[in-house]
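Quick look at my_file20.csv (CSV, C-alpha atoms and all ligand atoms):
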chain,number,residue,atom,x,y,z
A,12,MET,CA,14.4,18.7,55.1
A,13,ASN,CA,18.1,18.6,54.7
A,14,ILE,CA,19.9,17.9,51.4
A,15,LEU,CA,20.7,14.3,52.3
A,16,SER,CA,17.0,13.2,52.7
A,17,TYR,CA,16.3,14.8,49.2
A,18,GLU,CA,19.0,12.6,47.8
A,19,LYS,CA,17.6,9.5,49.4
A,20,SER,CA,14.1,10.2,48.1
A,21,PHE,CA,15.5,10.7,44.6
A,22,LEU,CA,17.3,7.4,44.9
A,23,ALA,CA,14.2,5.7,46.1
A,24,LEU,CA,12.2,7.2,43.2
A,25,GLY,CA,14.8,6.0,40.8
A,26,ALA,CA,14.6,2.5,42.2
A,27,VAL,CA,10.8,2.5,42.0
A,28,LEU,CA,10.8,3.7,38.4
A,29,LEU,CA,13.3,1.0,37.4
A,30,VAL,CA,11.1,-1.7,38.9
A,31,CYS,CA,8.1,-0.3,37.1
A,32,CYS,CA,9.9,-0.3,33.8
A,33,LEU,CA,11.1,-3.9,34.3
A,34,LEU,CA,7.6,-5.0,35.1
A,35,ALA,CA,6.2,-3.2,32.0
A,36,LEU,CA,8.9,-4.8,29.9
A,37,GLY,CA,8.1,-8.3,31.3
A,38,TYR,CA,4.4,-7.8,30.8
A,39,ALA,CA,4.9,-6.7,27.2
A,40,SER,CA,7.1,-9.6,26.3
A,41,PHE,CA,5.5,-12.4,28.3
A,42,ALA,CA,1.9,-11.5,28.7
A,43,MET,CA,1.4,-9.6,25.4
A,44,GLY,CA,3.9,-11.5,23.3
A,45,ILE,CA,5.6,-8.4,21.8
A,46,HIS,CA,9.1,-9.2,20.6
A,47,LEU,CA,11.6,-8.6,17.9
A,48,PRO,CA,11.2,-10.5,14.7
A,49,GLY,CA,12.7,-13.9,14.8
A,50,GLU,CA,14.2,-16.1,12.0
A,51,GLU,CA,10.8,-16.6,10.4
A,52,GLY,CA,10.7,-12.8,9.8
A,53,LEU,CA,13.8,-12.7,7.7
A,54,ILE,CA,14.0,-12.7,3.9
A,55,ASP,CA,16.8,-12.1,1.4
A,56,PRO,CA,15.9,-8.8,-0.3
A,57,GLU,CA,17.8,-9.9,-3.5
A,58,THR,CA,15.5,-12.8,-4.0
A,59,ALA,CA,12.4,-11.6,-2.2
A,60,ARG,CA,10.6,-11.1,-5.5
A,61,GLU,CA,10.8,-14.9,-6.2
A,62,THR,CA,10.2,-16.0,-2.6
A,63,PRO,CA,6.6,-16.9,-1.5
A,64,PRO,CA,4.5,-15.1,-0.6
A,65,PHE,CA,6.1,-12.1,-2.3
A,66,ASP,CA,6.3,-13.8,-5.7
A,67,ALA,CA,2.6,-13.1,-5.9
A,68,PRO,CA,1.9,-9.8,-4.2
A,69,GLY,CA,-1.8,-9.0,-3.8
A,70,LEU,CA,-4.9,-9.7,-1.7
A,71,ARG,CA,-6.1,-13.2,-0.8
A,72,GLN,CA,-8.9,-14.4,1.3
A,73,THR,CA,-7.8,-16.5,4.2
A,74,GLY,CA,-11.1,-17.2,5.9
A,75,ASP,CA,-14.5,-15.8,6.6
A,76,GLY,CA,-14.0,-12.1,6.5
A,77,THR,CA,-10.2,-12.4,6.9
A,78,TYR,CA,-7.7,-11.5,4.2
A,79,GLU,CA,-3.9,-11.3,3.7
A,80,ALA,CA,-2.5,-8.4,1.7
A,81,VAL,CA,1.0,-9.2,0.5
A,82,ILE,CA,2.8,-6.0,-0.4
A,83,LEU,CA,6.2,-5.5,-2.0
A,84,ALA,CA,7.8,-2.1,-1.7
A,85,SER,CA,10.5,-0.8,-3.9
A,86,ALA,CA,11.7,2.6,-5.1
A,87,TRP,CA,9.1,4.1,-5.6
A,88,LYS,CA,6.0,1.9,-5.6
A,89,PHE,CA,3.9,-0.5,-3.6
A,90,GLU,CA,2.8,-3.7,-5.3
A,91,PRO,CA,-0.2,-3.9,-5.4
A,92,ASN,CA,-0.9,-0.2,-5.1
A,93,GLU,CA,-4.7,-0.7,-4.6
A,94,ILE,CA,-6.4,-3.1,-2.2
A,95,ARG,CA,-10.1,-3.5,-2.1
A,96,VAL,CA,-11.8,-5.2,0.9
A,97,PRO,CA,-15.4,-5.4,2.1
A,98,THR,CA,-16.3,-3.4,5.2
A,99,GLY,CA,-15.5,-5.3,8.4
A,100,SER,CA,-12.6,-7.3,6.9
A,101,GLU,CA,-9.7,-8.3,9.1
A,102,VAL,CA,-6.7,-7.7,6.9
A,103,THR,CA,-3.2,-8.9,7.7
A,104,LEU,CA,-0.7,-6.8,5.9
A,105,THR,CA,2.6,-8.7,5.1
A,106,ALA,CA,5.2,-6.5,3.6
A,107,THR,CA,8.9,-6.2,2.7
A,108,THR,CA,11.2,-4.1,0.6
A,109,VAL,CA,13.6,-5.2,-2.1
A,110,ASP,CA,15.9,-2.2,-1.9
A,111,VAL,CA,16.1,0.6,0.6
A,112,ILE,CA,14.1,1.3,3.8
A,113,HIS,CA,10.5,2.4,3.1
A,114,GLY,CA,7.6,3.2,5.4
A,115,LEU,CA,4.1,1.9,5.2
A,116,HIS,CA,1.3,3.9,6.8
A,117,VAL,CA,-2.3,3.4,6.1
A,118,THR,CA,-3.9,6.8,6.8
A,119,GLY,CA,-6.7,6.9,9.4
A,120,THR,CA,-5.6,3.6,11.0
A,121,ARG,CA,-2.9,2.5,13.4
A,122,VAL,CA,-1.1,0.6,10.6
A,123,ASN,CA,2.3,2.0,10.6
A,124,MET,CA,5.3,-0.1,9.7
A,125,MET,CA,9.0,0.4,8.8
A,126,LEU,CA,10.0,-1.8,5.9
A,127,ILE,CA,13.6,-2.8,6.4
A,128,PRO,CA,15.5,-4.8,3.7
A,129,GLY,CA,15.8,-8.4,4.9
A,130,GLN,CA,12.8,-8.3,7.2
A,131,ILE,CA,9.2,-9.1,6.8
A,132,ALA,CA,6.8,-6.7,8.5
A,133,ARG,CA,3.3,-7.8,9.5
A,134,VAL,CA,0.3,-6.2,11.1
A,135,THR,CA,-3.4,-7.1,11.4
A,136,TYR,CA,-6.1,-4.4,11.2
A,137,THR,CA,-9.9,-4.6,10.9
A,138,PHE,CA,-11.4,-2.0,8.5
A,139,ARG,CA,-14.8,-1.3,10.2
A,140,GLN,CA,-15.8,1.8,8.2
A,141,PRO,CA,-16.3,2.0,4.5
A,142,GLY,CA,-14.1,4.6,2.8
A,143,GLU,CA,-10.7,5.2,1.3
A,144,HIS,CA,-7.3,5.2,3.0
A,145,LEU,CA,-4.0,6.2,1.5
A,146,ILE,CA,-1.0,4.0,1.8
A,147,LEU,CA,1.9,6.3,2.3
A,148,CYS,CA,5.7,5.8,2.4
A,149,HIS,CA,6.9,7.7,5.4
A,150,GLU,CA,10.6,7.0,5.3
A,151,TYR,CA,12.6,9.2,2.9
A,152,CYS,CA,13.7,6.8,0.2
A,153,GLY,CA,15.0,8.9,-2.6
A,154,ILE,CA,14.2,11.5,-5.1
A,155,ASN,CA,10.6,10.2,-5.8
A,156,HIS,CA,9.7,9.4,-2.2
A,157,HIS,CA,6.7,11.7,-2.4
A,158,THR,CA,5.2,9.8,-5.3
A,159,MET,CA,5.2,6.5,-3.4
A,160,PHE,CA,1.7,5.8,-2.3
A,161,GLY,CA,-1.2,3.4,-2.7
A,162,LYS,CA,-4.8,3.0,-1.6
A,163,VAL,CA,-7.0,0.8,0.5
A,164,ILE,CA,-10.6,0.9,-0.5
A,165,VAL,CA,-13.1,-0.4,2.0
A,166,GLU,CA,-16.4,-1.0,0.2
B,201,LIG,CU1,9.5,4.7,-0.1
B,201,LIG,CU2,9.7,6.9,0.8
Please lay out the structure from this file as structure tokens.
Amino acid sequence: MNILSYEKSFLALGAVLLVCCLLALGYASFAMGIHLPGEEGLIDPETARETPPFDAPGLRQTGDGTYEAVILASAWKFEPNEIRVPTGSEVTLTATTVDVIHGLHVTGTRVNMMLIPGQIARVTYTFRQPGEHLILCHEYCGINHHTMFGKVIVE
């Protein structure tokens, strides 16, 4: 093989990969509905504490076996810092921060969000096994970052 045909195959490979990436992007945004947060996902961090649903952080039942946990993050705590749900509950975690960037990771689950001032983060997860999970802040948010945690108790 001469050098020119190597070059051509690399170009072809590049073109194929590009098409694959575009197809994957199209599938993610149109078929799976994954997209950036829109207007409804915005909140003013200055007044978030007074804005529903963050004026009443906590857990509420939204249906048969479904719950919404509204969580307010600030340096250096989660409000509420303890959530108790029955085993098998489908919990939608809705969270925001009133000051700096915080993280919200529920250990042992795929719940892992970045809380950005001005944005509402939301994820739904079903807790199938009884047990305890820590809620950890995983974005460095200041001197007491390491003390910022909470708990999900599945009973
Ligand atoms: Cu909040 Cu680190």
- Please measure the separation of atom CA of Arg133 of chain A and atom CA of Cys32 of chain A, giving the value in Å to one decimal. 26.3 Å
- Task: Return as a ChimeraX atom specification the residues of protein, DNA or RNA that approach ligand LIG 201 (chain B) to within 12 Å, with only C-alpha atoms and all ligand atoms taken into account.
- Result: /A:83-90,107-116,124-128,146-161
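The nearest approach to Glu166 of chain A among the residues A:Leu145, A:Thr98, A:Val117, A:Ile54, with all atoms listed in the file taken into account, belongs to A:Thr98.
Take atom CA of Gly52 of chain A and atom CA of Ile131 of chain A: the distance between them is 5.0 Å.
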